[in-house]
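To start, the structure under review is shown below, and the notes come after it.
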Amino acid sequence: MKLAIIAFFLISCSPNFTNSHKLYKGIPAKNENIGYVELGDAFMLTRADWFSKKLDMQNDSIYSKLETLTDSIVFSEIQKTWTPSIVQKKEKENFSRETLKMDKTVFIKTRFPQQGIEISDSKGNVPDYLFIIHEYTIGGDLDAQNFYDYTKANLEMEQKRNFKKLSIIATFTLWDNKKQIPLRSGIVNTQIPVKEDSFNIDVFIKATKQVIAECLKKL
């Protein structure tokens, strides 16, 4: 498929920020445990009607199906480096909502565990770290600056009938589950050229894998 040749060159667009805690010492070792916090309400899909048609999914089920699929892809990407565990999305309901400054004008909304509380995975074990995706937004021709740069907060985002690029914007944090601090946070903003007549679930899966790989490269 020709699309496979051209559609998956990720174009990382500004803002492309990371933020590190003073105690951050680099990527966790392979033998350290990482709990992946399921997306839950972090998963956001714009233009659901377009995706529903292209992926042949009912509108009333597309969110849950794509959220579940994305969770499985994230977990498989983490597995390439570590032996992760699952932290169920219901745990995130008790996380605190905070705002994290990434740059002079760029802020992201976060969901962090409360201080003094170590989060357990689905098997009752306590991972050394948590990989938390705060917001995972899928759409067409989206610009992360319109989401996270407060100087552009009042700009209207045009909903185009057709779009040239599949946009996936993710904000994430590597959380120290023992010290309860955000070690490393970042924004990934990818624009993937697509041809509407060739878009299918395989394209979606491959695009998602590359987005998550980009997130993990920033740890």
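Naming works like this for the structure tokens: A, B, ... for the chains as they're shown, residue 1 at the start of each chain, ligands 1 onward in shown order.
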
Practice item. Going by DSSP on the backbone, which bits of segment 31-192 of chain A are helix (DSSP H, G or I)? Write them as a PyMOL selection string, please. Key: chain A and resi 40-42+48-55+59-79+89-92+145-148+150-152

Can you pull out the residues contacting Asp71 of chain A? Cut-off 8 Å, using only C-alpha atoms, and skip same-chain residues under 3 positions away; I want them as a PDB file with N, CA, C and O atoms, in the first residue's frame.
ATOM      1  N   GLU A  38      -4.381   3.419  32.529  1.00  0.00           N
ATOM      2  CA  GLU A  38      -5.273   3.404  31.374  1.00  0.00           C
ATOM      3  C   GLU A  38      -5.834   4.796  31.080  1.00  0.00           C
ATOM      4  O   GLU A  38      -6.005   5.615  31.986  1.00  0.00           O
ATOM      5  N   LEU A  39      -6.153   5.043  29.830  1.00  0.00           N
ATOM      6  CA  LEU A  39      -6.536   6.375  29.371  1.00  0.00           C
ATOM      7  C   LEU A  39      -7.778   6.933  30.067  1.00  0.00           C
ATOM      8  O   LEU A  39      -7.776   8.066  30.552  1.00  0.00           O
ATOM      9  N   GLU A  67     -10.562   3.709  22.331  1.00  0.00           N
ATOM     10  CA  GLU A  67      -9.866   3.883  23.608  1.00  0.00           C
ATOM     11  C   GLU A  67      -9.224   2.575  24.038  1.00  0.00           C
ATOM     12  O   GLU A  67      -8.040   2.542  24.431  1.00  0.00           O
ATOM     13  N   THR A  68      -9.969   1.478  23.969  1.00  0.00           N
ATOM     14  CA  THR A  68      -9.441   0.169  24.345  1.00  0.00           C
ATOM     15  C   THR A  68      -8.277  -0.236  23.452  1.00  0.00           C
ATOM     16  O   THR A  68      -7.252  -0.751  23.924  1.00  0.00           O
ATOM     17  N   VAL A  74      -0.480   1.287  23.611  1.00  0.00           N
ATOM     18  CA  VAL A  74       0.440   1.923  24.551  1.00  0.00           C
ATOM     19  C   VAL A  74       1.162   0.863  25.374  1.00  0.00           C
ATOM     20  O   VAL A  74       2.389   0.891  25.536  1.00  0.00           O
ATOM     21  N   PHE A  75       0.397  -0.097  25.898  1.00  0.00           N
ATOM     22  CA  PHE A  75       0.978  -1.145  26.731  1.00  0.00           C
ATOM     23  C   PHE A  75       2.016  -1.951  25.951  1.00  0.00           C
ATOM     24  O   PHE A  75       3.104  -2.245  26.465  1.00  0.00           O
TER      25      PHE A  75
END

**Study point:** Which of segment 41-88 of chain A DSSP labels strand (DSSP E or B), written as a PyMOL selection string
**Key:** chain A and resi 43-45+85-87

Contact check, segment 99-124 of chain A to segment 160-182 of chain A, at most 10 Å, counting only C-alpha atoms, closest pairs as JSON lines:
{"residue": "A:Leu100", "atom": "CA", "partner": "A:Pro182", "partner_atom": "CA", "distance": 9.8}
{"residue": "A:Ile108", "atom": "CA", "partner": "A:Thr171", "partner_atom": "CA", "distance": 7.3}
{"residue": "A:Lys109", "atom": "CA", "partner": "A:Thr171", "partner_atom": "CA", "distance": 8.5}
{"residue": "A:Thr110", "atom": "CA", "partner": "A:Phe172", "partner_atom": "CA", "distance": 8.1}
{"residue": "A:Arg111", "atom": "CA", "partner": "A:Thr173", "partner_atom": "CA", "distance": 9.3}
{"residue": "A:Phe112", "atom": "CA", "partner": "A:Pro182", "partner_atom": "CA", "distance": 8.0}
{"residue": "A:Pro113", "atom": "CA", "partner": "A:Gln180", "partner_atom": "CA", "distance": 7.2}
{"residue": "A:Gln114", "atom": "CA", "partner": "A:Gln180", "partner_atom": "CA", "distance": 7.6}
{"residue": "A:Gln115", "atom": "CA", "partner": "A:Gln180", "partner_atom": "CA", "distance": 5.8}
{"residue": "A:Gly116", "atom": "CA", "partner": "A:Gln180", "partner_atom": "CA", "distance": 6.8}
{"residue": "A:Ile117", "atom": "CA", "partner": "A:Gln180", "partner_atom": "CA", "distance": 7.4}
{"residue": "A:Glu118", "atom": "CA", "partner": "A:Asn177", "partner_atom": "CA", "distance": 5.6}
{"residue": "A:Ile119", "atom": "CA", "partner": "A:Asn177", "partner_atom": "CA", "distance": 6.7}
{"residue": "A:Ser120", "atom": "CA", "partner": "A:Asn177", "partner_atom": "CA", "distance": 9.1}

Restricting the output to N, CA, C and O atoms, write the selected residues as a compact mmCIF listing (two decimals), in the first residue's frame.
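Written file, part.txt:
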# COMPACT_ATOMS: atom_id res chain seq x y z
N LEU A 100 0.41 22.16 34.88
CA LEU A 100 1.88 22.13 34.86
C LEU A 100 2.40 23.07 33.79
O LEU A 100 1.98 23.02 32.64
N ILE A 108 -0.06 22.54 30.58
CA ILE A 108 -0.89 21.36 30.33
C ILE A 108 -1.69 21.01 31.58
O ILE A 108 -1.25 21.25 32.70
N LYS A 109 -2.86 20.46 31.36
CA LYS A 109 -3.69 19.99 32.46
C LYS A 109 -3.28 18.56 32.79
O LYS A 109 -3.17 17.73 31.89
N THR A 110 -3.05 18.30 34.07
CA THR A 110 -2.54 16.99 34.47
C THR A 110 -3.47 16.33 35.47
O THR A 110 -4.34 16.97 36.08
N ARG A 111 -3.26 15.04 35.66
CA ARG A 111 -3.94 14.26 36.69
C ARG A 111 -2.87 13.47 37.43
O ARG A 111 -2.32 12.50 36.90
N PHE A 112 -2.54 13.90 38.66
CA PHE A 112 -1.49 13.26 39.44
C PHE A 112 -2.07 12.58 40.68
O PHE A 112 -3.04 13.08 41.28
N PRO A 113 -1.46 11.45 41.10
CA PRO A 113 -1.88 10.84 42.37
C PRO A 113 -1.67 11.80 43.53
O PRO A 113 -0.81 12.68 43.48
N GLN A 114 -2.46 11.65 44.56
CA GLN A 114 -2.33 12.51 45.73
C GLN A 114 -1.03 12.20 46.47
O GLN A 114 -0.54 11.07 46.44
N GLN A 115 -0.48 13.21 47.12
CA GLN A 115 0.76 13.04 47.86
C GLN A 115 0.60 12.02 48.97
O GLN A 115 -0.42 11.97 49.65
N GLY A 116 1.63 11.20 49.14
CA GLY A 116 1.63 10.20 50.20
C GLY A 116 0.91 8.92 49.86
O GLY A 116 0.82 8.02 50.70
N ILE A 117 0.41 8.82 48.61
CA ILE A 117 -0.34 7.62 48.23
C ILE A 117 0.38 6.91 47.08
O ILE A 117 0.58 7.48 46.01
N GLU A 118 0.81 5.68 47.32
CA GLU A 118 1.40 4.86 46.28
C GLU A 118 0.27 4.12 45.55
O GLU A 118 -0.61 3.54 46.18
N ILE A 119 0.31 4.16 44.23
CA ILE A 119 -0.76 3.56 43.42
C ILE A 119 -0.41 2.11 43.08
O ILE A 119 0.70 1.81 42.65
N SER A 120 -1.37 1.23 43.28
CA SER A 120 -1.17 -0.19 42.98
C SER A 120 -1.68 -0.51 41.59
O SER A 120 -2.60 0.13 41.07

Practice item. Skip Arg47 of chain A itself and residues of its chain fewer than 3 positions away, then list as a VMD selection string all residues within 8 Å of it, counting only C-alpha atoms. Key: chain A and resid 50 to 51 139 to 140
